[in-house]
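Source file: coords.cif. Holds: mmCIF, C-alpha atoms.
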data_coords
loop_
_atom_site.label_atom_id
_atom_site.label_comp_id
_atom_site.auth_asym_id
_atom_site.auth_seq_id
_atom_site.Cartn_x
_atom_site.Cartn_y
_atom_site.Cartn_z
CA MET A 222 -27.50 29.61 -25.50
CA ASN A 223 -28.62 33.20 -25.95
CA LEU A 224 -25.65 35.48 -25.32
CA SER A 225 -26.30 38.91 -23.91
CA PRO A 226 -23.43 41.38 -23.54
CA GLU A 227 -25.43 42.94 -20.72
CA ASP A 228 -25.25 39.63 -18.80
CA GLY A 229 -21.50 39.65 -19.27
CA GLU A 230 -21.27 43.18 -17.92
CA LEU A 231 -23.43 42.21 -14.93
CA ALA A 232 -21.26 39.14 -14.24
CA TYR A 233 -18.14 41.30 -14.26
CA GLU A 234 -19.68 43.97 -12.03
CA LEU A 235 -20.91 41.45 -9.47
CA ASP A 236 -17.54 39.70 -9.44
CA ARG A 237 -15.59 42.89 -8.85
CA ALA A 238 -18.03 44.04 -6.19
CA HIS A 239 -18.38 40.83 -4.19
CA VAL A 240 -15.92 38.04 -5.11
CA PHE A 241 -12.56 37.68 -3.36
CA HIS A 242 -10.09 35.95 -5.69
CA SER A 243 -7.34 33.51 -4.79
CA TRP A 244 -3.59 34.24 -5.04
CA SER A 245 -4.27 37.82 -6.14
CA ALA A 246 -4.04 41.46 -5.22
CA GLN A 247 -7.69 42.32 -5.67
CA ALA A 248 -7.69 45.90 -7.00
CA ALA A 249 -5.90 45.26 -10.30
CA LEU A 250 -7.89 42.21 -11.34
CA LYS A 251 -9.76 42.14 -14.65
CA PRO A 252 -11.18 38.60 -14.76
CA MET A 253 -12.28 37.12 -18.04
CA VAL A 254 -16.02 36.45 -18.12
CA ILE A 255 -16.87 33.02 -19.54
CA ALA A 256 -20.45 32.37 -20.64
CA GLY A 257 -20.21 28.74 -21.68
CA GLY A 258 -18.11 25.95 -23.10
CA LEU A 259 -18.16 22.69 -25.01
CA ALA A 260 -15.35 20.15 -25.35
CA SER A 261 -12.14 22.17 -25.99
CA THR A 262 -13.82 25.54 -26.55
CA VAL A 263 -15.18 28.28 -24.31
CA TRP A 264 -16.91 31.55 -25.22
CA ASP A 265 -17.82 34.86 -23.67
CA PHE A 266 -21.06 36.86 -23.64
CA ASP A 267 -19.95 38.86 -26.67
CA GLY A 268 -19.77 35.73 -28.79
CA ASN A 269 -15.99 35.42 -28.87
CA SER A 270 -14.78 31.80 -28.84
CA TYR A 271 -11.46 30.53 -27.50
CA LEU A 272 -9.62 27.24 -27.72
CA ASP A 273 -9.21 26.32 -24.07
CA PHE A 274 -5.57 25.28 -23.93
CA SER A 275 -5.54 25.86 -20.18
CA SER A 276 -8.22 23.27 -19.34
CA GLN A 277 -9.08 25.96 -16.77
CA LEU A 278 -6.79 24.91 -13.90
CA ILE A 279 -5.45 21.97 -15.91
CA ASN A 280 -8.39 19.89 -14.76
CA VAL A 281 -11.07 19.75 -17.47
CA ASN A 282 -9.60 16.55 -18.91
CA ILE A 283 -12.84 15.26 -20.41
CA GLY A 284 -13.66 18.66 -21.87
CA HIS A 285 -16.45 21.09 -21.10
CA GLN A 286 -20.04 19.91 -20.77
CA HIS A 287 -19.50 16.25 -21.58
CA PRO A 288 -23.05 14.84 -21.84
CA ALA A 289 -22.27 11.57 -20.06
CA VAL A 290 -20.98 13.34 -16.96
CA ILE A 291 -23.86 15.81 -16.90
CA ALA A 292 -26.37 12.98 -17.28
CA ALA A 293 -24.75 11.03 -14.43
CA ILE A 294 -25.00 14.04 -12.12
CA GLN A 295 -28.60 14.70 -13.12
CA THR A 296 -29.60 11.08 -12.56
CA GLN A 297 -28.02 11.01 -9.11
CA ALA A 298 -29.69 14.33 -8.22
CA ASP A 299 -33.05 12.70 -8.87
CA ILE A 300 -32.16 9.79 -6.56
CA LEU A 301 -30.26 11.31 -3.62
CA THR A 302 -28.43 14.63 -3.55
CA THR A 303 -26.52 14.14 -0.30
CA ILE A 304 -25.84 11.59 2.41
CA ALA A 305 -23.46 11.51 5.36
CA PRO A 306 -20.11 9.79 4.82
CA ALA A 307 -20.87 7.27 7.60
CA ALA A 308 -23.61 5.73 5.45
CA ALA A 309 -22.98 3.25 2.67
CA ASN A 310 -23.91 4.65 -0.71
CA LEU A 311 -24.01 2.80 -4.04
CA ALA A 312 -22.50 5.64 -6.07
CA ARG A 313 -19.67 5.98 -3.56
CA GLY A 314 -18.79 2.31 -3.76
CA GLN A 315 -18.98 2.26 -7.54
CA ALA A 316 -16.74 5.33 -7.84
CA ALA A 317 -14.14 3.77 -5.55
CA GLN A 318 -14.33 0.52 -7.50
CA ARG A 319 -13.59 2.30 -10.79
CA ILE A 320 -10.67 4.26 -9.35
CA LEU A 321 -9.09 1.16 -7.81
CA ALA A 322 -9.40 -0.68 -11.12
CA ARG A 323 -7.25 2.03 -12.71
CA ALA A 324 -4.70 2.19 -9.88
CA GLY A 325 -3.89 -1.51 -9.79
CA GLU A 326 -4.15 -4.54 -7.55
CA GLN A 327 -1.71 -3.13 -4.99
CA PHE A 328 -4.49 -0.84 -3.69
CA SER A 329 -7.69 -1.69 -1.86
CA LYS A 330 -9.45 1.41 -0.48
CA VAL A 331 -10.24 5.02 -1.37
CA PHE A 332 -10.68 7.83 1.14
CA PHE A 333 -12.68 10.59 -0.56
CA THR A 334 -11.98 14.26 0.07
CA ASN A 335 -13.29 17.55 -1.29
CA GLY A 336 -10.27 18.27 -3.50
CA GLY A 337 -6.56 17.81 -4.04
CA ALA A 338 -5.28 19.82 -1.08
CA ASP A 339 -7.15 17.80 1.52
CA ALA A 340 -6.24 14.62 -0.34
CA ASN A 341 -2.60 15.47 0.30
CA GLU A 342 -3.40 16.45 3.89
CA ASN A 343 -4.88 13.05 4.56
CA ALA A 344 -2.17 11.15 2.71
CA MET A 345 0.42 12.80 4.94
CA ARG A 346 -1.72 12.01 7.97
CA LEU A 347 -1.92 8.35 6.97
CA ALA A 348 1.84 8.17 6.46
CA ARG A 349 2.53 9.75 9.84
CA LEU A 350 0.09 7.47 11.63
CA HIS A 351 1.43 4.39 9.89
CA THR A 352 5.11 5.09 10.53
CA GLY A 353 4.87 6.88 13.87
CA ARG A 354 7.20 9.49 12.37
CA ASP A 355 6.60 13.17 11.74
CA LYS A 356 8.64 14.70 8.91
CA VAL A 357 7.48 14.95 5.31
CA LEU A 358 9.96 15.57 2.50
CA SER A 359 8.79 17.35 -0.67
CA MET A 360 10.34 19.26 -3.53
CA TYR A 361 11.02 22.98 -3.72
CA ARG A 362 9.52 22.96 -7.19
CA SER A 363 6.07 21.71 -6.26
CA TYR A 364 2.51 22.64 -5.43
CA HIS A 365 0.40 20.43 -3.18
CA GLY A 366 -2.53 22.66 -2.17
CA ASN A 367 -3.66 25.54 0.01
CA THR A 368 -4.55 23.84 3.30
CA GLY A 369 -2.30 23.78 6.35
CA SER A 370 0.13 20.94 5.72
CA ALA A 371 -0.38 20.89 1.95
CA VAL A 372 0.79 24.47 1.53
CA ALA A 373 3.71 23.85 3.90
CA ALA A 374 4.66 20.88 1.73
CA THR A 375 4.44 23.11 -1.33
CA GLY A 376 7.81 24.37 -2.46
CA ASP A 377 7.02 27.56 -4.35
CA TRP A 378 6.49 31.12 -3.07
CA ARG A 379 2.99 30.39 -1.77
CA ARG A 380 4.48 28.37 1.07
CA VAL A 381 6.41 31.25 2.60
CA PRO A 382 3.56 33.36 4.07
CA ASN A 383 1.71 30.20 5.16
CA GLU A 384 4.27 28.10 7.04
CA TYR A 385 2.24 27.19 10.11
CA ALA A 386 2.45 23.39 9.89
CA ARG A 387 5.38 21.54 11.43
CA SER A 388 7.97 19.06 10.21
CA HIS A 389 8.20 19.85 6.51
CA VAL A 390 11.56 19.59 4.75
CA HIS A 391 12.27 20.44 1.11
CA PHE A 392 14.74 19.16 -1.45
CA PHE A 393 15.55 19.80 -5.12
CA GLY A 394 14.13 17.41 -7.65
CA PRO A 395 15.45 16.93 -11.19
CA TYR A 396 15.14 19.79 -13.69
CA ALA A 397 17.80 19.15 -16.31
CA TYR A 398 17.26 22.38 -18.28
CA ARG A 399 18.03 24.44 -15.16
CA SER A 400 20.02 21.84 -13.24
CA GLU A 401 20.91 22.40 -9.60
CA PHE A 402 23.50 19.65 -9.96
CA TRP A 403 25.68 20.80 -12.90
CA ALA A 404 24.38 17.82 -14.83
CA THR A 405 24.90 17.60 -18.58
CA THR A 406 22.75 14.53 -19.32
CA PRO A 407 19.42 13.18 -18.06
CA GLU A 408 21.29 10.28 -16.46
CA GLU A 409 23.55 12.63 -14.52
CA GLU A 410 20.59 14.74 -13.46
CA SER A 411 18.77 11.65 -12.16
CA SER A 412 21.71 10.16 -10.25
CA ARG A 413 22.83 13.47 -8.74
CA ALA A 414 19.29 14.43 -7.72
CA LEU A 415 18.94 11.05 -6.02
CA HIS A 416 22.28 11.50 -4.25
CA HIS A 417 21.06 14.89 -3.02
CA LEU A 418 17.79 13.37 -1.78
CA GLU A 419 19.60 10.62 0.11
CA ARG A 420 21.88 13.15 1.77
CA VAL A 421 18.80 15.14 2.88
CA ILE A 422 17.26 11.95 4.29
CA GLN A 423 20.46 11.19 6.18
CA ALA A 424 20.95 14.74 7.40
CA GLU A 425 17.35 15.00 8.64
CA GLY A 426 17.54 11.60 10.34
CA SER A 427 15.89 8.83 8.38
CA THR A 428 13.99 7.50 11.41
CA SER A 429 12.20 10.86 11.72
CA ILE A 430 10.81 10.87 8.17
CA ALA A 431 7.29 9.58 7.54
CA ALA A 432 6.90 10.28 3.84
CA ILE A 433 8.36 11.54 0.62
CA LEU A 434 5.59 13.46 -1.15
CA ILE A 435 6.19 14.23 -4.82
CA GLU A 436 4.12 15.17 -7.81
CA THR A 437 4.79 12.32 -10.21
CA ILE A 438 5.24 15.05 -12.83
CA PRO A 439 5.51 18.46 -11.15
CA GLY A 440 2.89 20.56 -12.89
CA THR A 441 2.66 24.18 -11.82
CA ALA A 442 6.43 24.12 -11.29
CA GLY A 443 7.00 23.56 -14.98
CA ILE A 444 5.74 20.12 -16.14
CA LEU A 445 9.04 18.59 -15.11
CA VAL A 446 8.95 15.09 -16.55
CA PRO A 447 11.37 13.11 -14.36
CA PRO A 448 14.41 11.63 -16.10
CA PRO A 449 14.59 7.86 -16.52
CA GLY A 450 15.39 6.09 -13.27
CA TYR A 451 14.43 8.92 -10.94
CA LEU A 452 11.11 7.57 -9.67
CA ALA A 453 12.63 4.10 -9.27
CA GLY A 454 15.47 5.69 -7.30
CA VAL A 455 13.06 7.49 -4.98
CA ARG A 456 11.22 4.22 -4.44
CA ALA A 457 14.49 2.44 -3.61
CA LEU A 458 15.55 5.13 -1.13
CA ALA A 459 12.16 5.02 0.57
CA ASP A 460 12.37 1.25 0.89
CA LYS A 461 15.91 1.48 2.24
CA TYR A 462 14.91 3.89 5.01
CA GLY A 463 11.35 2.70 5.74
CA ILE A 464 9.66 5.81 4.32
CA ILE A 465 6.20 6.00 2.73
CA VAL A 466 6.11 7.22 -0.90
CA ILE A 467 3.17 9.45 -1.85
CA PHE A 468 2.61 10.27 -5.52
CA ASP A 469 0.55 13.44 -5.92
CA GLU A 470 -1.39 12.79 -9.14
CA VAL A 471 -3.90 15.59 -8.58
CA MET A 472 -2.89 17.37 -11.79
CA CYS A 473 -1.07 14.69 -13.80
CA GLY A 474 -3.51 11.80 -13.26
CA PHE A 475 -6.52 10.48 -15.17
CA GLY A 476 -5.46 11.04 -18.75
CA ARG A 477 -3.38 14.19 -18.48
CA ALA A 478 -0.07 12.35 -19.01
CA GLY A 479 -1.56 9.91 -21.52
CA GLY A 480 -2.28 7.16 -18.98
CA TRP A 481 -4.80 6.59 -16.24
CA PHE A 482 -2.01 7.60 -13.87
CA ALA A 483 1.19 9.42 -14.73
CA PHE A 484 3.41 6.80 -13.08
CA GLN A 485 1.93 4.22 -15.44
CA ALA A 486 2.30 6.48 -18.48
CA LEU A 487 5.95 7.19 -17.65
CA ALA A 488 6.75 3.50 -17.35
CA GLU A 489 5.19 2.84 -20.75
CA ALA A 490 7.02 5.77 -22.34
CA GLU A 491 10.36 4.61 -20.92
CA GLY A 492 9.73 0.94 -21.58
CA GLY A 493 10.51 0.13 -17.95
CA ASP A 494 8.79 -1.31 -14.91
CA VAL A 495 5.97 0.61 -13.26
CA VAL A 496 7.15 2.35 -10.09
CA VAL A 497 4.28 1.93 -7.63
CA PRO A 498 3.90 4.38 -4.72
CA ASP A 499 2.45 3.55 -1.31
CA LEU A 500 -0.27 6.20 -1.50
CA ILE A 501 -1.76 8.08 -4.46
CA THR A 502 -3.61 11.37 -4.21
CA PHE A 503 -6.02 12.51 -6.92
CA ALA A 504 -8.63 15.14 -7.76
CA LYS A 505 -9.00 17.35 -10.88
CA GLY A 506 -9.01 14.86 -13.77
CA VAL A 507 -10.97 12.09 -12.03
CA ASN A 508 -14.18 13.95 -12.93
CA SER A 509 -12.75 17.03 -14.67
CA GLY A 510 -13.85 19.27 -11.82
CA TYR A 511 -17.57 19.07 -12.65
CA VAL A 512 -18.21 18.65 -8.89
CA PRO A 513 -15.49 19.24 -6.24
CA VAL A 514 -13.84 15.95 -5.24
CA GLY A 515 -10.49 14.34 -4.46
CA GLY A 516 -9.14 11.40 -2.58
CA VAL A 517 -6.39 9.10 -1.38
CA ILE A 518 -5.85 5.63 -2.84
CA ILE A 519 -4.68 3.31 -0.05
CA PRO A 520 -2.98 -0.11 -0.07
CA PRO A 521 -4.05 -2.95 2.25
CA PHE A 522 -0.97 -2.69 4.49
CA ILE A 523 -2.01 0.84 5.49
CA ALA A 524 -5.79 0.44 5.32
CA GLU A 525 -5.76 -2.65 7.55
CA GLN A 526 -4.01 -0.72 10.32
CA PHE A 527 -7.31 1.05 10.86
CA ASP A 528 -9.45 -2.08 11.08
CA GLU A 529 -9.30 -1.77 14.87
CA GLN A 530 -7.58 1.62 15.27
CA VAL A 531 -9.73 4.72 14.70
CA PHE A 532 -8.66 6.87 11.75
CA PRO A 533 -8.70 10.43 13.14
CA GLY A 534 -9.96 12.26 10.07
CA GLY A 535 -13.07 12.98 8.07
CA LEU A 536 -15.06 15.50 6.05
CA THR A 537 -18.78 16.24 5.93
CA TYR A 538 -18.79 15.94 2.15
CA SER A 539 -16.49 12.93 1.85
CA GLY A 540 -17.87 10.81 -0.97
CA HIS A 541 -20.65 13.26 -1.82
CA PRO A 542 -23.17 11.45 -4.07
CA LEU A 543 -23.16 14.07 -6.82
CA ALA A 544 -19.36 14.00 -6.94
CA MET A 545 -19.38 10.22 -6.97
CA ALA A 546 -21.82 10.17 -9.86
CA SER A 547 -19.62 12.59 -11.78
CA ILE A 548 -16.65 10.24 -11.26
CA ILE A 549 -18.62 7.26 -12.54
CA GLY A 550 -19.82 9.21 -15.57
CA ALA A 551 -16.38 10.58 -16.36
CA GLN A 552 -14.50 7.32 -15.85
CA ASP A 553 -16.92 5.31 -17.98
CA ALA A 554 -16.93 7.89 -20.77
CA MET A 555 -13.14 8.13 -20.78
CA ALA A 556 -12.86 4.35 -21.09
CA ASN A 557 -15.65 3.88 -23.63
CA GLU A 558 -14.53 6.74 -25.88
CA GLY A 559 -10.78 6.07 -25.75
CA ILE A 560 -10.09 9.49 -24.26
CA VAL A 561 -6.94 8.48 -22.41
CA ASP A 562 -5.57 6.85 -25.56
CA ASN A 563 -6.38 10.04 -27.46
CA ALA A 564 -4.34 12.08 -24.98
CA ALA A 565 -1.37 9.77 -25.42
CA ARG A 566 -1.62 9.86 -29.22
CA ILE A 567 -2.03 13.64 -29.35
CA GLY A 568 1.10 14.10 -27.26
CA ARG A 569 3.15 11.59 -29.21
CA ASP A 570 2.04 12.38 -32.76
CA VAL A 571 0.73 15.95 -32.77
CA LEU A 572 1.62 18.25 -29.88
CA GLY A 573 5.11 16.92 -29.20
CA PRO A 574 6.32 17.18 -32.81
CA GLY A 575 4.46 20.44 -33.38
CA LEU A 576 5.89 22.17 -30.32
CA ARG A 577 9.41 20.99 -31.12
CA ALA A 578 9.02 22.42 -34.64
CA LEU A 579 8.03 25.76 -33.09
CA ALA A 580 11.10 25.65 -30.87
CA ALA A 581 13.32 25.15 -33.91
CA LYS A 582 11.77 28.27 -35.44
CA HIS A 583 11.57 30.60 -32.43
CA GLU A 584 14.65 31.13 -30.24
CA VAL A 585 12.44 32.38 -27.44
CA ILE A 586 11.43 28.75 -26.80
CA GLY A 587 14.34 27.43 -24.77
CA GLU A 588 12.97 23.96 -24.09
CA VAL A 589 9.94 21.85 -24.91
CA ARG A 590 9.02 19.13 -22.42
CA GLY A 591 5.98 17.04 -21.74
CA ILE A 592 3.91 13.94 -22.32
CA GLY A 593 0.29 13.31 -23.25
CA VAL A 594 -1.58 16.63 -23.11
CA PHE A 595 0.80 17.98 -20.46
CA TRP A 596 3.45 20.23 -22.05
CA ALA A 597 5.50 23.29 -21.15
CA LEU A 598 7.54 25.74 -23.19
CA ASP A 599 10.39 27.23 -21.14
CA LEU A 600 10.61 30.74 -22.59
CA VAL A 601 13.94 32.56 -22.55
CA ALA A 602 15.29 35.98 -23.42
CA ASP A 603 18.62 34.41 -24.35
CA PRO A 604 18.92 30.80 -25.56
CA VAL A 605 22.56 30.61 -24.43
CA THR A 606 22.28 31.95 -20.88
CA ARG A 607 18.68 30.64 -20.57
CA GLU A 608 17.65 33.88 -18.87
CA PRO A 609 13.88 33.63 -18.35
CA LEU A 610 11.67 35.76 -20.54
CA SER A 611 10.49 38.89 -18.72
CA LEU A 612 6.99 39.13 -17.32
CA ALA A 613 6.36 42.17 -19.53
CA VAL A 614 6.96 40.11 -22.69
CA ILE A 615 4.95 37.23 -21.20
CA GLY A 616 2.06 39.66 -20.71
CA ALA A 617 2.24 40.76 -24.34
CA LEU A 618 2.35 37.14 -25.49
CA LYS A 619 -0.70 36.28 -23.40
CA ALA A 620 -2.65 39.23 -24.80
CA LYS A 621 -1.75 38.22 -28.35
CA LEU A 622 -2.85 34.62 -27.81
CA LEU A 623 -6.20 35.79 -26.44
CA SER A 624 -6.67 38.14 -29.39
CA LEU A 625 -6.09 35.17 -31.72
CA GLY A 626 -8.71 33.06 -29.96
CA LEU A 627 -6.68 30.86 -27.62
CA LEU A 628 -7.00 30.76 -23.84
CA PRO A 629 -3.51 30.07 -22.45
CA VAL A 630 -2.04 29.38 -19.04
CA PHE A 631 1.34 30.75 -17.96
CA ALA A 632 3.44 30.06 -14.86
CA ASP A 633 6.37 32.43 -14.45
CA ASN A 634 8.26 32.30 -17.79
CA ARG A 635 6.55 29.14 -18.98
CA LEU A 636 3.68 28.63 -21.36
CA HIS A 637 1.87 25.44 -20.37
CA VAL A 638 0.17 23.70 -23.28
CA VAL A 639 -2.53 21.67 -21.59
CA PRO A 640 -5.70 21.17 -23.65
CA PRO A 641 -8.44 18.74 -22.64
CA CYS A 642 -7.76 15.07 -23.34
CA VAL A 643 -10.54 15.19 -25.95
CA VAL A 644 -8.70 17.77 -28.08
CA THR A 645 -8.68 16.94 -31.79
CA ASP A 646 -5.86 16.97 -34.34
CA GLU A 647 -7.51 19.92 -36.07
CA GLU A 648 -7.74 21.93 -32.86
CA CYS A 649 -4.08 21.24 -32.12
CA ALA A 650 -3.11 22.35 -35.63
CA ARG A 651 -5.05 25.56 -35.12
CA ALA A 652 -3.42 26.12 -31.74
CA LEU A 653 0.07 25.51 -33.13
CA ALA A 654 -0.60 28.08 -35.87
CA ILE A 655 -1.77 30.56 -33.23
CA PHE A 656 1.36 29.94 -31.15
CA ASP A 657 3.51 30.47 -34.24
CA GLU A 658 1.87 33.80 -35.03
CA ALA A 659 2.02 34.94 -31.41
CA PHE A 660 5.71 34.12 -31.01
CA ALA A 661 6.48 35.93 -34.27
CA SER A 662 4.74 39.04 -32.96
CA ILE A 663 6.62 39.57 -29.72
CA ALA A 664 9.75 41.66 -29.39
CA VAL A 665 12.38 40.25 -27.05
CA PRO A 666 14.72 42.96 -25.67
CA ALA A 667 18.30 42.50 -26.83
#
Show the structure stored in the file as structure tokens.
Amino acid sequence: MNLSPEDGELAYELDRAHVFHSWSAQAALKPMVIAGGLASTVWDFDGNSYLDFSSQLINVNIGHQHPAVIAAIQTQADILTTIAPAAANLARGQAAQRILARAGEQFSKVFFTNGGADANENAMRLARLHTGRDKVLSMYRSYHGNTGSAVAATGDWRRVPNEYARSHVHFFGPYAYRSEFWATTPEEESSRALHHLERVIQAEGSTSIAAILIETIPGTAGILVPPPGYLAGVRALADKYGIIVIFDEVMCGFGRAGGWFAFQALAEAEGGDVVVPDLITFAKGVNSGYVPVGGVIIPPFIAEQFDEQVFPGGLTYSGHPLAMASIIGAQDAMANEGIVDNAARIGRDVLGPGLRALAAKHEVIGEVRGIGVFWALDLVADPVTREPLSLAVIGALKAKLLSLGLLPVFADNRLHVVPPCVVTDEECARALAIFDEAFASIAVPA
């Protein structure tokens, strides 16, 4: 495309004059202006290119401007751009069919939403209607979306000014590097976190709890890969007390963790049985955000409850044809091109070893954790006390990475390393060299 710096200046001016940004104090914002992108690279109007190791909001799994997804959207636009959700639509049925094939035979229906937040809203609604109970348990270290119940289920700071929904209870999940349970091994962390969860269930009254909602791998909270046995333990507790298990796979699903779903990838990595939830929520990676979409994957024992009973929920754009076409295009391309396998291989053979080598070289990297193309570096000012790296140093590190041609994503003191699933070995090698140079450049106060 023809790049004009004047267009970049106009885009910036219009944004600052008219666009209200999320999760931000507006006056101090200086948003980056992106002109275009392809695969794992984006560029600005001045011709500067960046490796996109943020995948934007950790959602562009298939990479930027994948031709198969664009072609699927264009073809559907020529046929039918929109139709009400009450109608049957071929693209909608085909999208659901592809998603269910990935999820497994335990599931039978998909309820489509506009994104991840309302997917979690409706999963909680289904659990409450199915059980006749009200409470939802979720982790303090979590993010589930910015709608009423989803943000109340969220555990981080964004929940606090938005707590208008009722009957949400939080608990601590496993985080061995900064253990709440004085654990010294992954096994201790898992068993003690499960003991804590069971005590919360008992203290809240198990017969009042509809669902346990957890990100299979908490993402924004730090890419907290659960220790072996934890997900199975949650499943066992839910079965014991008659509680619905919801896995939020909005961020970690569809290739991000090196499997079609993270719960499947974790089972393969651990060599254990797959822990199957009752409901799965998805968005982001299912079509890499090319068109807004999300949904809830539902098993027969819940779906059949609404054969005669009305389900009290819906959205005007549920199963929007353009979004459905983008799912079909993305899912077929990911399967045909081995993109999920590539994500698993990159994590196992390239990013994992490369990031651990960086940690051995730079004391500021306190811990490396991750799977697939879903990694976090826990950055510390002191490797002994594990004091988090200051935001001032994080800011300098971010500026250095940008100057070296890499677009990063940080959350608190953590650098999340989350390239598209299509990232190549060569791009990872370049990124690792950039990380190395950036870490060498920062001064950590003594």
All residues 7 Å or closer to A:Arg323, only C-alpha atoms, same chain fewer than 3 positions away omitted, as a CSV table (one decimal) with C-alpha atoms, in the frame of the given file:
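Written file, result-v5.csv:
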chain,number,residue,atom,x,y,z
A,319,ARG,CA,-13.6,2.3,-10.8
A,320,ILE,CA,-10.7,4.3,-9.4
A,481,TRP,CA,-4.8,6.6,-16.2
Please provide the set of residues having any atom within 8 Å of stretch 539-551 of chain A, restricted to all atoms listed in the file, with same-chain residues fewer than 5 positions apart removed, written as number ranges by chain. A: 283, 289-294, 297-298, 301-306, 310, 312-313, 315-316, 319, 332-335, 507-509, 511-514
Considering all atoms listed in the file, state which residue in the set A:Arg362, A:Ala397, A:Leu418, A:Gly353 is at the smallest distance from A:Ile430.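 Going through A:Arg362, A:Ala397, A:Leu418, A:Gly353 one by one, the smallest distance to A:Ile430 is for A:Gly353.
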Check what the PyMOL selection byres ((chain A and resi 595-606) around 7) selects in the file above and give those residues as a list in words.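 Selected by the PyMOL selection byres ((chain A and resi 595-606) around 7) here: Gly443, Ile444, Arg477, Ala478, Glu584, Val585, Ile586, Gly587, Glu588, Val589, Arg590, Gly591, Ile592, Gly593, Val594, Arg607, Glu608, Pro609, Leu610, Asn634, Arg635, Leu636, His637, Val638, Val639 and Val665 of chain A.
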Restricting the calculation to all atoms listed in the file: of A:Ser261, A:Thr537, A:Ser388, A:Gln318, which residue gets closest to A:Asn282? A:Ser261
Could you list, as number ranges by chain, every residue matched by the PyMOL selection byres ((chain A and resi 351) around 10) in this structure? A: 345-350, 352-354, 431, 465, 522-524, 526-527
Output C-alpha atoms for every residue in that selection, as a tab-separated table (two decimals), in the coordinates of the input.
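Final file, again.tsv:
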chain	number	residue	atom	x	y	z
A	345	MET	CA	0.42	12.80	4.94
A	346	ARG	CA	-1.72	12.01	7.97
A	347	LEU	CA	-1.92	8.35	6.97
A	348	ALA	CA	1.84	8.17	6.46
A	349	ARG	CA	2.53	9.75	9.84
A	350	LEU	CA	0.09	7.47	11.63
A	352	THR	CA	5.11	5.09	10.53
A	353	GLY	CA	4.87	6.88	13.87
A	354	ARG	CA	7.20	9.49	12.37
A	431	ALA	CA	7.29	9.58	7.54
A	465	ILE	CA	6.20	6.00	2.73
A	522	PHE	CA	-0.97	-2.69	4.49
A	523	ILE	CA	-2.01	0.84	5.49
A	524	ALA	CA	-5.79	0.44	5.32
A	526	GLN	CA	-4.01	-0.72	10.32
A	527	PHE	CA	-7.31	1.05	10.86
Identify, on the basis of only C-alpha atoms, every residue whose closest approach to A:Ala386 does not exceed 7 Å; exclude the query and any residue fewer than 3 positions from it along the same chain; express the result as a VMD selection string. chain A and resid 369 to 370 373
Please return, as a list in words, all polymer residues that have at least one atom within 10 Å of the point (-6.3, 25.2, -13.4); use only C-alpha atoms and the file's own coordinate frame. Ser275, Ser276, Gln277, Leu278, Ile279, Asn280, Val281, Thr441, Met472, Lys505, Gly510, Val630 and Val639 of chain A
Residues within 8 Å of stretch 447-452 of chain A, all atoms listed in the file, excluding chain neighbours under 5 positions, as a ChimeraX atom specification: /A:395-396,407-408,410-412,415,437-438,491,496
What does the distance from atom CA of A:Phe482 to atom CA of A:Ala338 come to in Å, to one decimal?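 Computing it gives 18.0 Å between the two atoms.
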Atomic distance atom CA of A:Gly626 - atom CA of A:Tyr271, expressed in Å with one decimal: 4.5 Å
Counting only C-alpha atoms, which residue out of A:Glu326, A:Cys473, A:His417, A:Leu627 sits closest to A:Glu648?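 Closest to A:Glu648, using only C-alpha atoms: A:Leu627.
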Find the distance between atom CA of A:Ala260 and atom CA of A:Gly506 and write it in Å to one decimal.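 Computing it gives 14.2 Å between the two atoms.
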Which residue gives the smallest distance to A:Pro640 among A:Gly568, A:Gly616, A:Gly559, A:Pro439, with all atoms listed in the file counted?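 Using all atoms listed in the file, the shortest distance to A:Pro640 belongs to A:Gly568.
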With 9 Å as the threshold, what does the neighbourhood of (6.8, 15.3, -0.3) contain in terms of residues, counting only C-alpha atoms? Coordinates are those of the file; answer as a ChimeraX atom specification. /A:345,357-360,363,365,374-375,389-392,432-436,466-469
Could you dump the residues just selected with C-alpha atoms as a short mmCIF file (atom, residue, chain, number, x, y, z; two decimals), in the coordinates of the input?
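Saved to again07.cif:
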data_model
loop_
_atom_site.label_atom_id
_atom_site.label_comp_id
_atom_site.auth_asym_id
_atom_site.auth_seq_id
_atom_site.Cartn_x
_atom_site.Cartn_y
_atom_site.Cartn_z
CA MET A 345 0.42 12.80 4.94
CA VAL A 357 7.48 14.95 5.31
CA LEU A 358 9.96 15.57 2.50
CA SER A 359 8.79 17.35 -0.67
CA MET A 360 10.34 19.26 -3.53
CA SER A 363 6.07 21.71 -6.26
CA HIS A 365 0.40 20.43 -3.18
CA ALA A 374 4.66 20.88 1.73
CA THR A 375 4.44 23.11 -1.33
CA HIS A 389 8.20 19.85 6.51
CA VAL A 390 11.56 19.59 4.75
CA HIS A 391 12.27 20.44 1.11
CA PHE A 392 14.74 19.16 -1.45
CA ALA A 432 6.90 10.28 3.84
CA ILE A 433 8.36 11.54 0.62
CA LEU A 434 5.59 13.46 -1.15
CA ILE A 435 6.19 14.23 -4.82
CA GLU A 436 4.12 15.17 -7.81
CA VAL A 466 6.11 7.22 -0.90
CA ILE A 467 3.17 9.45 -1.85
CA PHE A 468 2.61 10.27 -5.52
CA ASP A 469 0.55 13.44 -5.92
#
For A:Asn383, the nearest of the candidates A:Thr368, A:Asn341, A:Ser270, A:Ser611, counting only C-alpha atoms: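 Closest to A:Asn383 of all the choices is A:Thr368.
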List the residues selected by the PyMOL selection byres ((chain A and resi 330) around 6) in the file shown, writing them as a list of chain:residue names. A:Ser329, A:Val331, A:Ile519
